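Visitor: Got a structure here, written out as structure tokens. Questions coming.
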Amino acid sequence: MGDNILEMRSITKTFPGVKALQDVNLNVRRGEIHAICGENGAGKSTLMKVLSGVYPAGDYDGEIVFDGSPVHFGGIRDSEHVGIVIIHQELALVPYLSIAENLFLGNERRGRTGLIDWNLANADAAKLLASVGLHENPVTPVGQLGVGKQQLVEIAKALSKDVRLLILDEPTAALNDTDSEHLLGLLRKLKERGITSIMISHKLNEITAISDNVTVIRDGKTVETLNLHAGEVTQERIIRGMVGRDLESFYPDRVSSPGEEVMRVEDWTVWHPTQDRKVVEDASFTVRAGEVVGIAGLMGAGRTELAMSIFGRSYGRNISGRVFIRGSEVQARTVSEAIGHGIAYATEDRKRYGLNLIEDIRRNVSAAGLKKLARRGWVNGNEETKVAEESRRSMNIKAPSVMSVVGKLSGGNQQKVVLSKWLFTDPDVLILDEPTRGIDVGAKYEIYTIINRLVDAGKAVVVISSELPELLGICDRIYTLSAGRITGQLPVREATQERLMELMTKERELVG
Amino acid sequence: MTRTAPPEADPTPQEPAPAVALHTGTSDVRQLITRNLRTSGIYVAFAAIVVLFAIITDGLSLSPGNITNIVLQYSYILVLAIGMVLVIIAGHIDLSVGSVVALTGAVSAILVIKNDYPWWVGVLAALAVGLAVGAWHGFWVAYVGIPAFIVTLAGMLLFRGMTQQVLGNVSLSPFPAEYSKVASGFLNGLIGGDGYDAFTLLIGVIAVGGYAFSGFRTRLARIKYQQPVESFPLFVARVVAVGAVVMYFAWQLAHARGLPIVLIILAVLILAYGVISKRSVFGRQIYAIGGNLAAAQLSGVKVKVVNFWIFVNMGFLSAVAGIIYSSRSNGSQPSAGNMFELDAIAAAFIGGAAVTGGVGTVVGAMVGGLIMAVMSNGMQLMGVEQPIQSVIKGLVLLLAVAFDVYNKRRAGASR
């Protein structure tokens with residue numbers, strides 16, 4: 001046991017009415033990369049909050065031993081003091097401050113006068129950036145960096161604090177493949193330098209690729225810790241631990257029978273709202289009733305921009321092109337016009353753009369279709385509750401009641417609320433932007449089932465996704481988008497990940 | 001369960017896990033109380049303050065004359081608070097309402113006092129000016145996209161200056177009797193009564209009856225939709241409690257000068273805006289915008305239109321308050337309505353509105369306003385000096401919002 005840097009022993013943490021963690025044990029060996037996985041709401045983040053002192057000692061039962069001695073953190077500063085640094089899913093950087101200012105925030109490099117020595121700070125910052133492989137000027141404002149680079153700044157910041165145990169909460173959730181790979185490579189390098197990492201992730205391929213051990217948590221309990229060097233630990237094996245059952249098929253089966261064309265977009269061009277460049281250029285695509293069409297593209301390819309500009313011009317300027325619904329051209333200059341034409345768009349960022357987190361399920365489900373519940377401007381509250389109740393049942397939203405506040409639901413359940421909201425508007429076309437981002441395996445399967453149910457009912461569905469296996473698993477047809485242009489379309493039986501990736505990285509070439 | 005014994009001796013003194021954390025299936029009443037802790041907390045605080053001042057002042061604060069006085073004296077703040085809470089729910093603020101009260105009163109005074117127009121011309125002109133001012137604010141906030149704080153700060157200076165300009169910086173008075181009746185008139189003696197006003201009591205009875213009837217109808221509708229309702233005895237208890245308070249209030253008024261006209265105006269406004277905020281599409285969209293602007297926009301809410309009308313409405317209610325205030329002070333002064341915006345904002349926040357928007361109720365704001373009113377009035381009766389009153393009111397506002405923030409932090413930590 002002497003080689004464990006961290007031992008968490010029978011940690012129990014209760015919230016009003018819920019036992020979030022129950023007798024959880026976690027042993028992390030010195031210098032390893034330790035993955036933690038489990039469904040959303042399983043208690044991973046809570047466990048890390050206990051470890052980092054967000055929930056101070058006394059708020060939980062159990063014992064934490066760090067580096068051989070028991071520790072009792074009263075707050076984040078205490079845990080950082082011994083070298084435990086947590087990097088949250090939502091990055092905690094100040095966008096208007098420079099990289100160097102962010103790196104040394106609260107830990108400023110002072111000169112002899114007590115004032116900040118900017119030359120020293122910037123020089124130190126440059127060294128730290130080099131150590132994480134980020135080639136940026138330290139005076140660049142953080143807001144100008146992409147998410148991937150911001151993530152690296154966070155890690156550099158951790159390194160500046162002499163980190164010994166680095167905790168990353170879903171570090172690659174918002175990254176594209178290249179950035180993810182870079183990040184994982186960096187974790188390996190840190191490991192060589194003797195820094196232990198704990199990584200919470202849903203991406204099983206990443207877990208199996210870089211971690212030494214993986215601890216599976218389910219319903220607030222430790223299920224098992226698997227040693228990935230012992231061989232024969234497959235992704236299916238981990239999934240089995242997470243959900244407690246085998247997923248016979250990751251994607252539910254569906255008999256595809258596309259019907260008439262529902263939506264056709266022609267020559268769609270969108271300019272960036274502030275910069276002088278086209279974000280989407282001459283994009284054309286169609287989607288038929290009972291069909292799931294995928295849009296594959298790397299980050300920055302213009303997928304979300306394409307969708308949002310179609311959806312009531314919610315993005316960009318100088319938008320040109322034509323949209324046809326069931327053969328006739330429609331104008332969707334505002335969101336309510338788009339909704340009126342039977343278009344629905346479920347955002348990739350449900351917390352920022354999809355939900356009113358302080359309101360309950362009921363109010364969120366009715367938000368887009370309130371007019372359907374109203375007569376002469378007055379809302380029928382009972383009807384509204386009934387609608388929400390029906391959604392809760394048919395979507396299997398796990399919540400005590402429709403009066404539950406949406407902000408407290410898990411990601412998967414929040415996503416079901418977003419889908420409920422759009423289904424209530426009774427759309428013909430649903431554009432789902434990253435419908436399974438940040439949600440757990442079990443809930444993903446449920447979302448896929450819901451999509452199948454929709455196309456069975458004759459809806460047309462467009463799915464935007466970063467995960468190619470997902471597109472291959474649920475779509476009938478896949479378009480590829482690269483640098484704002486549609487670079488290809490493949491029926492799913494002809495598509496492979498390699499083939500798609502090839503098209504997604506293809507530049508400046510138009511394919512009908 | 002109580003608490004699992006840790007495997008080894010625990011060196012930190014540990015509080016037992018909070019007991020409330022452990023029940024899952026709450027009884028109906030308990031759930032009702034915890035769910036409404038924030039709003040019910042306000043009612044409890046209000047009742048406590050009323051009782052406190054009744055004891056300190058030897059019942060003087062609850063005397064018929066004084067209750068009438070409170071209604072007359074604070075009605076315009078409550079009118080402003082109705083509009084203000086909607087502005088705040090949408091995530092804005094309005095710093096100009098005091099100046100708008102002054103300007104609308106001045107316009108009315110100039111027409112009625114200086115130029116001898118009939119009283120209703122003054123009222124209509126004031127309302128028109130209020131609507132125009134609201135549209136002006138709404139235009140800049142909604143369509144140009146300037147934060148309401150800046151727009152209404154500018155408006156505060158702008159409309160104060162305009163008031164002083166049109167009045168030539170001198171006061172105008174007095175209004176004709178009809179105009180003064182708005183704020184100082186009473187409906188009484190319509191159906192007689194001996195030593196008390198039967199009409200006032202009748203209105204009280206009608207109000208309680210209406211409350212019981214609409215409560216019962218809501219209840220039936222909920223049962224029809226198979227939704228949980230409070231148990232019948234609880235329902236009756238609630239109606240009886242509310243009825244007792246209303247009838248006591250009516251009884252006291254009946255023994256003073258009868259039913260103030262301004263109370264009727266106020267009651268109609270509270271009722272109307274209470275329903276608008278809770279049940280109309282417009283009201284719902286105000287909450288949606290305040291809760292998550294981007295999500296509301298992507299759900300098809302016409303954010304600009306809603307924001308525009310929120311400010312138009314605020315202008316309208318400012319004009320109503322301006323009419324009441326000028327009527328009560330029987331004239332128009334260049335410095336009228338000074339700091340009214342702060343009282344209205346305080347009322348909304350004490351009443352549970354959230355600084356970040358998306359939360360708040362009209363009724364809450366009314367109770368918040370009444371808390372301020374009862375406190376000011378009580379301290380006046382006690383002879384507390386103005387500076388001390390100000391200090392105490394400031395602390396109450398701070399503590400009320402601190403309580404709100406504390407509550408939210410607790411709620412946020414439970415995940």
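All residue names refer to the structure tokens as shown: chains lettered A, B, ... in order, residues numbered from 1 in each chain, ligands numbered from 1 in order.
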What residues in chain A lie within 6 Å of chain B, counting only C-alpha atoms, written as an NGL selection string?
Guide: :A and (15-17 or 58 or 62 or 335-336 or 353-356 or 368 or 377-379)
Visitor: Save out the residues we just selected, N, CA and C atoms, as a PDB file, in the first residue's frame.
Guide:
```
ATOM      1  N   PHE A  15     -26.749  14.505   0.554  1.00  0.00           N
ATOM      2  CA  PHE A  15     -27.428  15.782   0.350  1.00  0.00           C
ATOM      3  C   PHE A  15     -28.848  15.571   0.832  1.00  0.00           C
ATOM      4  N   PRO A  16     -29.559  16.671   1.056  1.00  0.00           N
ATOM      5  CA  PRO A  16     -30.948  16.495   1.489  1.00  0.00           C
ATOM      6  C   PRO A  16     -31.689  15.504   0.595  1.00  0.00           C
ATOM      7  N   GLY A  17     -32.066  14.389   1.175  1.00  0.00           N
ATOM      8  CA  GLY A  17     -32.877  13.440   0.427  1.00  0.00           C
ATOM      9  C   GLY A  17     -32.107  12.498  -0.465  1.00  0.00           C
ATOM     10  N   GLY A  58     -15.746  17.241   7.327  1.00  0.00           N
ATOM     11  CA  GLY A  58     -16.870  17.400   8.237  1.00  0.00           C
ATOM     12  C   GLY A  58     -18.187  17.355   7.497  1.00  0.00           C
ATOM     13  N   GLY A  62     -15.838   9.530   6.332  1.00  0.00           N
ATOM     14  CA  GLY A  62     -14.784   8.780   5.693  1.00  0.00           C
ATOM     15  C   GLY A  62     -13.458   9.478   5.865  1.00  0.00           C
ATOM     16  N   VAL A 335     -36.650  33.183 -34.842  1.00  0.00           N
ATOM     17  CA  VAL A 335     -36.821  31.848 -34.285  1.00  0.00           C
ATOM     18  C   VAL A 335     -38.293  31.457 -34.300  1.00  0.00           C
ATOM     19  N   SER A 336     -39.162  32.408 -33.994  1.00  0.00           N
ATOM     20  CA  SER A 336     -40.570  32.007 -33.944  1.00  0.00           C
ATOM     21  C   SER A 336     -41.092  31.670 -35.338  1.00  0.00           C
ATOM     22  N   TYR A 353     -27.652  27.661 -23.752  1.00  0.00           N
ATOM     23  CA  TYR A 353     -28.615  28.058 -24.773  1.00  0.00           C
ATOM     24  C   TYR A 353     -29.911  27.255 -24.746  1.00  0.00           C
ATOM     25  N   GLY A 354     -29.949  26.207 -23.945  1.00  0.00           N
ATOM     26  CA  GLY A 354     -31.105  25.333 -24.074  1.00  0.00           C
ATOM     27  C   GLY A 354     -32.112  25.418 -22.944  1.00  0.00           C
ATOM     28  N   LEU A 355     -31.652  25.734 -21.744  1.00  0.00           N
ATOM     29  CA  LEU A 355     -32.526  25.587 -20.587  1.00  0.00           C
ATOM     30  C   LEU A 355     -32.508  26.829 -19.713  1.00  0.00           C
ATOM     31  N   ASN A 356     -33.623  27.038 -19.045  1.00  0.00           N
ATOM     32  CA  ASN A 356     -33.662  28.011 -17.971  1.00  0.00           C
ATOM     33  C   ASN A 356     -33.414  27.220 -16.691  1.00  0.00           C
ATOM     34  N   ALA A 368     -40.894  26.702 -25.552  1.00  0.00           N
ATOM     35  CA  ALA A 368     -40.930  27.020 -26.989  1.00  0.00           C
ATOM     36  C   ALA A 368     -42.340  26.914 -27.561  1.00  0.00           C
ATOM     37  N   GLY A 377     -53.586  34.715 -25.113  1.00  0.00           N
ATOM     38  CA  GLY A 377     -52.491  35.223 -24.294  1.00  0.00           C
ATOM     39  C   GLY A 377     -52.451  34.717 -22.866  1.00  0.00           C
ATOM     40  N   TRP A 378     -53.436  33.849 -22.514  1.00  0.00           N
ATOM     41  CA  TRP A 378     -53.435  33.323 -21.149  1.00  0.00           C
ATOM     42  C   TRP A 378     -53.070  31.846 -21.163  1.00  0.00           C
ATOM     43  N   VAL A 379     -52.105  31.494 -20.311  1.00  0.00           N
ATOM     44  CA  VAL A 379     -51.590  30.127 -20.299  1.00  0.00           C
ATOM     45  C   VAL A 379     -52.449  29.253 -19.398  1.00  0.00           C
TER      46      VAL A 379
END
```
Visitor: Just the residues within 8 Å of stretch 146-154 of chain A, please, counting only C-alpha atoms, with nothing from its chain fewer than 3 positions along; format it as a VMD selection string.
Guide: chain A and resid 87 91 to 93 99 103 129 132 134 142 to 143 157 to 158 171 174 to 176 179 to 180 183
Visitor: Using N, CA and C atoms, can you write the selected residues to a file as a PDB file, in the first residue's frame?
Guide:
```
ATOM      1  N   ILE A  87      -9.042  20.610 -12.278  1.00  0.00           N
ATOM      2  CA  ILE A  87      -9.411  21.410 -13.443  1.00  0.00           C
ATOM      3  C   ILE A  87     -10.825  21.026 -13.823  1.00  0.00           C
ATOM      4  N   LEU A  91     -14.091  25.785 -17.614  1.00  0.00           N
ATOM      5  CA  LEU A  91     -12.784  26.350 -17.313  1.00  0.00           C
ATOM      6  C   LEU A  91     -12.922  27.607 -16.482  1.00  0.00           C
ATOM      7  N   ALA A  92     -11.946  27.793 -15.585  1.00  0.00           N
ATOM      8  CA  ALA A  92     -12.013  28.922 -14.656  1.00  0.00           C
ATOM      9  C   ALA A  92     -10.963  29.957 -14.996  1.00  0.00           C
ATOM     10  N   LEU A  93     -10.981  30.421 -16.239  1.00  0.00           N
ATOM     11  CA  LEU A  93     -10.021  31.439 -16.647  1.00  0.00           C
ATOM     12  C   LEU A  93     -10.752  32.753 -16.891  1.00  0.00           C
ATOM     13  N   ILE A  99      -2.641  35.421 -20.854  1.00  0.00           N
ATOM     14  CA  ILE A  99      -2.263  34.087 -20.391  1.00  0.00           C
ATOM     15  C   ILE A  99      -1.439  34.207 -19.117  1.00  0.00           C
ATOM     16  N   LEU A 103      -2.214  32.770 -15.463  1.00  0.00           N
ATOM     17  CA  LEU A 103      -1.361  31.743 -14.856  1.00  0.00           C
ATOM     18  C   LEU A 103      -1.015  32.088 -13.415  1.00  0.00           C
ATOM     19  N   LEU A 129       4.331  27.545 -20.575  1.00  0.00           N
ATOM     20  CA  LEU A 129       3.614  27.236 -21.804  1.00  0.00           C
ATOM     21  C   LEU A 129       4.403  26.235 -22.630  1.00  0.00           C
ATOM     22  N   VAL A 132       3.888  22.707 -21.601  1.00  0.00           N
ATOM     23  CA  VAL A 132       2.645  22.031 -21.980  1.00  0.00           C
ATOM     24  C   VAL A 132       2.468  22.032 -23.501  1.00  0.00           C
ATOM     25  N   LEU A 134       2.356  24.595 -25.618  1.00  0.00           N
ATOM     26  CA  LEU A 134       1.457  25.623 -26.158  1.00  0.00           C
ATOM     27  C   LEU A 134       2.318  26.777 -26.653  1.00  0.00           C
ATOM     28  N   VAL A 142      -6.707  35.423 -22.870  1.00  0.00           N
ATOM     29  CA  VAL A 142      -7.146  34.036 -22.902  1.00  0.00           C
ATOM     30  C   VAL A 142      -8.402  33.851 -23.758  1.00  0.00           C
ATOM     31  N   GLY A 143      -9.251  34.880 -23.773  1.00  0.00           N
ATOM     32  CA  GLY A 143     -10.487  34.787 -24.544  1.00  0.00           C
ATOM     33  C   GLY A 143     -10.255  34.571 -26.026  1.00  0.00           C
ATOM     34  N   LYS A 157      -1.203  26.348 -15.483  1.00  0.00           N
ATOM     35  CA  LYS A 157      -1.458  27.015 -14.209  1.00  0.00           C
ATOM     36  C   LYS A 157      -1.268  26.032 -13.053  1.00  0.00           C
ATOM     37  N   ALA A 158      -1.757  24.817 -13.257  1.00  0.00           N
ATOM     38  CA  ALA A 158      -1.591  23.793 -12.230  1.00  0.00           C
ATOM     39  C   ALA A 158      -0.112  23.507 -12.010  1.00  0.00           C
ATOM     40  N   PRO A 171     -11.765  16.329 -19.421  1.00  0.00           N
ATOM     41  CA  PRO A 171     -10.922  17.315 -20.088  1.00  0.00           C
ATOM     42  C   PRO A 171     -11.155  17.393 -21.597  1.00  0.00           C
ATOM     43  N   ALA A 174     -14.956  18.966 -24.643  1.00  0.00           N
ATOM     44  CA  ALA A 174     -15.220  20.049 -25.587  1.00  0.00           C
ATOM     45  C   ALA A 174     -14.116  20.179 -26.634  1.00  0.00           C
ATOM     46  N   LEU A 175     -13.224  19.204 -26.694  1.00  0.00           N
ATOM     47  CA  LEU A 175     -12.084  19.337 -27.603  1.00  0.00           C
ATOM     48  C   LEU A 175     -12.303  18.539 -28.883  1.00  0.00           C
ATOM     49  N   ASN A 176     -11.690  18.996 -29.951  1.00  0.00           N
ATOM     50  CA  ASN A 176     -11.702  18.184 -31.161  1.00  0.00           C
ATOM     51  C   ASN A 176     -10.616  17.109 -31.071  1.00  0.00           C
ATOM     52  N   ASP A 179      -6.876  18.295 -30.650  1.00  0.00           N
ATOM     53  CA  ASP A 179      -6.614  18.859 -29.333  1.00  0.00           C
ATOM     54  C   ASP A 179      -6.665  17.789 -28.257  1.00  0.00           C
ATOM     55  N   SER A 180      -7.609  16.855 -28.392  1.00  0.00           N
ATOM     56  CA  SER A 180      -7.706  15.768 -27.420  1.00  0.00           C
ATOM     57  C   SER A 180      -6.421  14.973 -27.408  1.00  0.00           C
ATOM     58  N   LEU A 183      -3.706  16.754 -25.707  1.00  0.00           N
ATOM     59  CA  LEU A 183      -3.896  16.776 -24.267  1.00  0.00           C
ATOM     60  C   LEU A 183      -3.500  15.436 -23.643  1.00  0.00           C
TER      61      LEU A 183
END
```
Visitor: Report as a PyMOL selection string all protein, DNA and RNA residues lying within 8 Å of B:Gly204, evaluated on only C-alpha atoms, omitting residues in the same chain fewer than 5 positions from it.
Guide: chain B and resi 246-247+250
Visitor: For stretch 362-450 of chain A versus stretch 230-244 of chain A, which residues have an atom no more than 12 Å away, and what is each residue's nearest atom pair and distance in Å rounded to one decimal, using only C-alpha atoms, chain-then-number order, as a tab-separated table?
Guide:
```
residue	atom	partner	partner_atom	distance
A:Asp440	CA	A:Met242	CA	9.1
A:Val441	CA	A:Ile239	CA	7.6
A:Gly442	CA	A:Val243	CA	6.6
A:Ala443	CA	A:Val243	CA	10.1
A:Lys444	CA	A:Val243	CA	11.7
A:Tyr445	CA	A:Val243	CA	11.2
```
Visitor: Between atom CA of A:Glu329 and atom CA of B:Val303, what distance in Å does the model show, to one decimal?
Guide: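 Separation between atom CA of A:Glu329 and atom CA of B:Val303: 26.2 Å.
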Visitor: So which residues of stretch 91-206 of chain B fall under alpha helix (DSSP H) by DSSP, listed as a VMD selection string?
Guide: chain B and resid 97 to 109 119 to 138 148 to 167 177 to 184 198 to 206
Visitor: Could the residues in this selection be written to a file with C-alpha atoms, as a PDB file, in the first residue's frame?
Guide:
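Saved result, again_13.pdb, follows:
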```
ATOM      1  CA  VAL B  97     -38.970  56.110 -11.830  1.00  0.00           C
ATOM      2  CA  GLY B  98     -38.639  58.880  -9.230  1.00  0.00           C
ATOM      3  CA  SER B  99     -37.957  61.417 -11.957  1.00  0.00           C
ATOM      4  CA  VAL B 100     -40.809  60.064 -14.053  1.00  0.00           C
ATOM      5  CA  VAL B 101     -43.162  60.415 -11.075  1.00  0.00           C
ATOM      6  CA  ALA B 102     -42.108  64.061 -10.873  1.00  0.00           C
ATOM      7  CA  LEU B 103     -42.419  64.691 -14.604  1.00  0.00           C
ATOM      8  CA  THR B 104     -45.863  63.134 -14.991  1.00  0.00           C
ATOM      9  CA  GLY B 105     -47.107  65.011 -11.936  1.00  0.00           C
ATOM     10  CA  ALA B 106     -45.694  68.233 -13.324  1.00  0.00           C
ATOM     11  CA  VAL B 107     -47.333  67.803 -16.721  1.00  0.00           C
ATOM     12  CA  SER B 108     -50.627  67.120 -15.033  1.00  0.00           C
ATOM     13  CA  ALA B 109     -50.236  70.126 -12.734  1.00  0.00           C
ATOM     14  CA  TRP B 119     -58.872  66.923 -13.883  1.00  0.00           C
ATOM     15  CA  TRP B 120     -59.163  63.985 -16.278  1.00  0.00           C
ATOM     16  CA  VAL B 121     -57.148  65.770 -18.950  1.00  0.00           C
ATOM     17  CA  GLY B 122     -54.314  65.944 -16.439  1.00  0.00           C
ATOM     18  CA  VAL B 123     -54.625  62.258 -15.694  1.00  0.00           C
ATOM     19  CA  LEU B 124     -54.639  61.255 -19.355  1.00  0.00           C
ATOM     20  CA  ALA B 125     -51.735  63.535 -20.186  1.00  0.00           C
ATOM     21  CA  ALA B 126     -49.701  62.126 -17.313  1.00  0.00           C
ATOM     22  CA  LEU B 127     -50.378  58.596 -18.502  1.00  0.00           C
ATOM     23  CA  ALA B 128     -49.402  59.551 -22.057  1.00  0.00           C
ATOM     24  CA  VAL B 129     -46.153  61.083 -20.852  1.00  0.00           C
ATOM     25  CA  GLY B 130     -45.442  57.955 -18.772  1.00  0.00           C
ATOM     26  CA  LEU B 131     -46.007  55.699 -21.750  1.00  0.00           C
ATOM     27  CA  ALA B 132     -43.778  57.876 -23.914  1.00  0.00           C
ATOM     28  CA  VAL B 133     -40.990  57.821 -21.350  1.00  0.00           C
ATOM     29  CA  GLY B 134     -41.351  54.024 -21.086  1.00  0.00           C
ATOM     30  CA  ALA B 135     -41.150  53.698 -24.850  1.00  0.00           C
ATOM     31  CA  TRP B 136     -38.049  55.865 -24.855  1.00  0.00           C
ATOM     32  CA  HIS B 137     -36.342  53.613 -22.291  1.00  0.00           C
ATOM     33  CA  GLY B 138     -37.616  50.494 -24.000  1.00  0.00           C
ATOM     34  CA  ALA B 148     -30.947  49.440 -18.538  1.00  0.00           C
ATOM     35  CA  PHE B 149     -28.779  50.692 -15.712  1.00  0.00           C
ATOM     36  CA  ILE B 150     -27.210  53.270 -18.040  1.00  0.00           C
ATOM     37  CA  VAL B 151     -30.376  54.096 -19.959  1.00  0.00           C
ATOM     38  CA  THR B 152     -32.418  54.746 -16.846  1.00  0.00           C
ATOM     39  CA  LEU B 153     -29.579  56.533 -15.076  1.00  0.00           C
ATOM     40  CA  ALA B 154     -29.576  58.897 -18.025  1.00  0.00           C
ATOM     41  CA  GLY B 155     -33.368  58.985 -17.814  1.00  0.00           C
ATOM     42  CA  MET B 156     -33.198  59.891 -14.152  1.00  0.00           C
ATOM     43  CA  LEU B 157     -31.160  63.003 -14.962  1.00  0.00           C
ATOM     44  CA  LEU B 158     -33.021  63.743 -18.163  1.00  0.00           C
ATOM     45  CA  PHE B 159     -36.536  63.633 -16.749  1.00  0.00           C
ATOM     46  CA  ARG B 160     -35.609  65.360 -13.523  1.00  0.00           C
ATOM     47  CA  GLY B 161     -34.170  68.178 -15.562  1.00  0.00           C
ATOM     48  CA  MET B 162     -37.261  68.300 -17.754  1.00  0.00           C
ATOM     49  CA  THR B 163     -39.456  68.481 -14.667  1.00  0.00           C
ATOM     50  CA  GLN B 164     -37.526  71.395 -13.283  1.00  0.00           C
ATOM     51  CA  GLN B 165     -37.583  73.058 -16.677  1.00  0.00           C
ATOM     52  CA  VAL B 166     -41.338  72.790 -17.263  1.00  0.00           C
ATOM     53  CA  LEU B 167     -42.113  73.862 -13.725  1.00  0.00           C
ATOM     54  CA  ALA B 177     -60.906  68.828  -5.385  1.00  0.00           C
ATOM     55  CA  GLU B 178     -61.723  66.146  -7.959  1.00  0.00           C
ATOM     56  CA  TYR B 179     -58.050  65.564  -8.692  1.00  0.00           C
ATOM     57  CA  SER B 180     -57.156  65.381  -5.017  1.00  0.00           C
ATOM     58  CA  LYS B 181     -59.742  62.686  -4.533  1.00  0.00           C
ATOM     59  CA  VAL B 182     -57.582  60.137  -6.385  1.00  0.00           C
ATOM     60  CA  ALA B 183     -55.168  59.866  -3.487  1.00  0.00           C
ATOM     61  CA  SER B 184     -57.100  61.341  -0.598  1.00  0.00           C
ATOM     62  CA  ALA B 198     -70.910  49.230   5.879  1.00  0.00           C
ATOM     63  CA  PHE B 199     -69.765  49.634   2.274  1.00  0.00           C
ATOM     64  CA  THR B 200     -66.143  49.060   3.215  1.00  0.00           C
ATOM     65  CA  LEU B 201     -67.097  45.889   5.065  1.00  0.00           C
ATOM     66  CA  LEU B 202     -69.163  44.754   2.099  1.00  0.00           C
ATOM     67  CA  ILE B 203     -66.167  45.165  -0.224  1.00  0.00           C
ATOM     68  CA  GLY B 204     -64.105  43.195   2.306  1.00  0.00           C
ATOM     69  CA  VAL B 205     -66.649  40.393   2.270  1.00  0.00           C
ATOM     70  CA  ILE B 206     -66.724  40.400  -1.526  1.00  0.00           C
TER      71      ILE B 206
END
```
Visitor: Name all residues at most 9 Å from A:Asn213 (count only C-alpha atoms; drop same-chain ones fewer than 5 positions away) and give them as a PyMOL selection string.
Guide: chain A and resi 28-29+32-36+207-208+225-229
Visitor: If you count only C-alpha atoms, which residues fall within 12 Å of B:Gly195, apart from same-chain ones fewer than 6 positions away, as a list in words?
Guide: Asn188, Gly189, Trp251, Gln252, Leu253, Ala254, His255, Ala256, Arg257 and Gly258 of chain B
Visitor: With C-alpha atoms retained, could you export that selection as a PDB file, in the first residue's frame?
Guide:
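Ended up saving to again.pdb:
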```pdb
ATOM      1  CA  ASN B 188     -67.971  55.530   2.179  1.00  0.00           C
ATOM      2  CA  GLY B 189     -71.465  55.937   3.398  1.00  0.00           C
ATOM      3  CA  TRP B 251     -62.990  46.506   9.855  1.00  0.00           C
ATOM      4  CA  GLN B 252     -60.279  48.940  10.848  1.00  0.00           C
ATOM      5  CA  LEU B 253     -60.736  50.953   7.654  1.00  0.00           C
ATOM      6  CA  ALA B 254     -64.481  50.985   8.164  1.00  0.00           C
ATOM      7  CA  HIS B 255     -63.961  52.526  11.551  1.00  0.00           C
ATOM      8  CA  ALA B 256     -61.779  55.267  10.167  1.00  0.00           C
ATOM      9  CA  ARG B 257     -62.746  57.054   7.010  1.00  0.00           C
ATOM     10  CA  GLY B 258     -63.918  54.191   4.841  1.00  0.00           C
TER      11      GLY B 258
END
```
Visitor: I'd like the neighbourhood of A:Leu430 as an MDAnalysis selection string, where a residue qualifies if any of its atoms comes within 9 Å (using only C-alpha atoms), though same-chain residues fewer than 5 positions away should be ignored.
Guide: chainID A and resid 342:346 422:423 459:463
Visitor: Could you please take those selected residues and save N, CA and C atoms as a CSV table (one decimal), in the first residue's frame?
Guide:
```csv
chain,number,residue,atom,x,y,z
A,342,GLY,N,-42.1,24.6,-38.6
A,342,GLY,CA,-41.9,23.2,-38.2
A,342,GLY,C,-40.4,22.8,-38.1
A,343,ILE,N,-39.6,23.8,-37.8
A,343,ILE,CA,-38.1,23.5,-37.6
A,343,ILE,C,-37.8,23.6,-36.1
A,344,ALA,N,-37.1,22.7,-35.6
A,344,ALA,CA,-36.6,22.8,-34.2
A,344,ALA,C,-35.1,22.6,-34.1
A,345,TYR,N,-34.5,23.3,-33.2
A,345,TYR,CA,-33.0,23.1,-33.1
A,345,TYR,C,-32.7,23.0,-31.6
A,346,ALA,N,-32.2,21.8,-31.3
A,346,ALA,CA,-31.7,21.5,-29.9
A,346,ALA,C,-30.2,21.8,-29.8
A,422,TRP,N,-38.7,20.7,-27.5
A,422,TRP,CA,-38.8,20.8,-29.0
A,422,TRP,C,-39.9,19.9,-29.5
A,423,LEU,N,-40.0,18.7,-28.9
A,423,LEU,CA,-41.1,17.8,-29.4
A,423,LEU,C,-42.5,18.5,-29.2
A,459,LYS,N,-40.9,12.0,-38.6
A,459,LYS,CA,-40.1,13.2,-38.5
A,459,LYS,C,-38.8,13.1,-39.3
A,460,ALA,N,-38.3,14.2,-39.7
A,460,ALA,CA,-37.0,14.3,-40.3
A,460,ALA,C,-36.0,14.8,-39.2
A,461,VAL,N,-34.9,14.1,-39.1
A,461,VAL,CA,-33.9,14.4,-38.0
A,461,VAL,C,-32.5,14.7,-38.6
A,462,VAL,N,-31.9,15.8,-38.2
A,462,VAL,CA,-30.6,16.1,-38.6
A,462,VAL,C,-29.7,16.0,-37.3
A,463,VAL,N,-28.7,15.2,-37.3
A,463,VAL,CA,-27.8,15.1,-36.1
A,463,VAL,C,-26.5,15.6,-36.5
```
Visitor: Where does DSSP see strand (DSSP E or B) in stretch 126-361 of chain A, if you list the residues as a PyMOL selection string?
Guide: chain A and resi 141+165-169+196-200+213-218+221-227+261-271+278-288+292-297+317-325+328-330+343-346+360
Visitor: Which value, in Å to one decimal, gives the distance between atom CA of A:Leu26 and atom CA of A:Glu7?
Guide: 5.8 Å
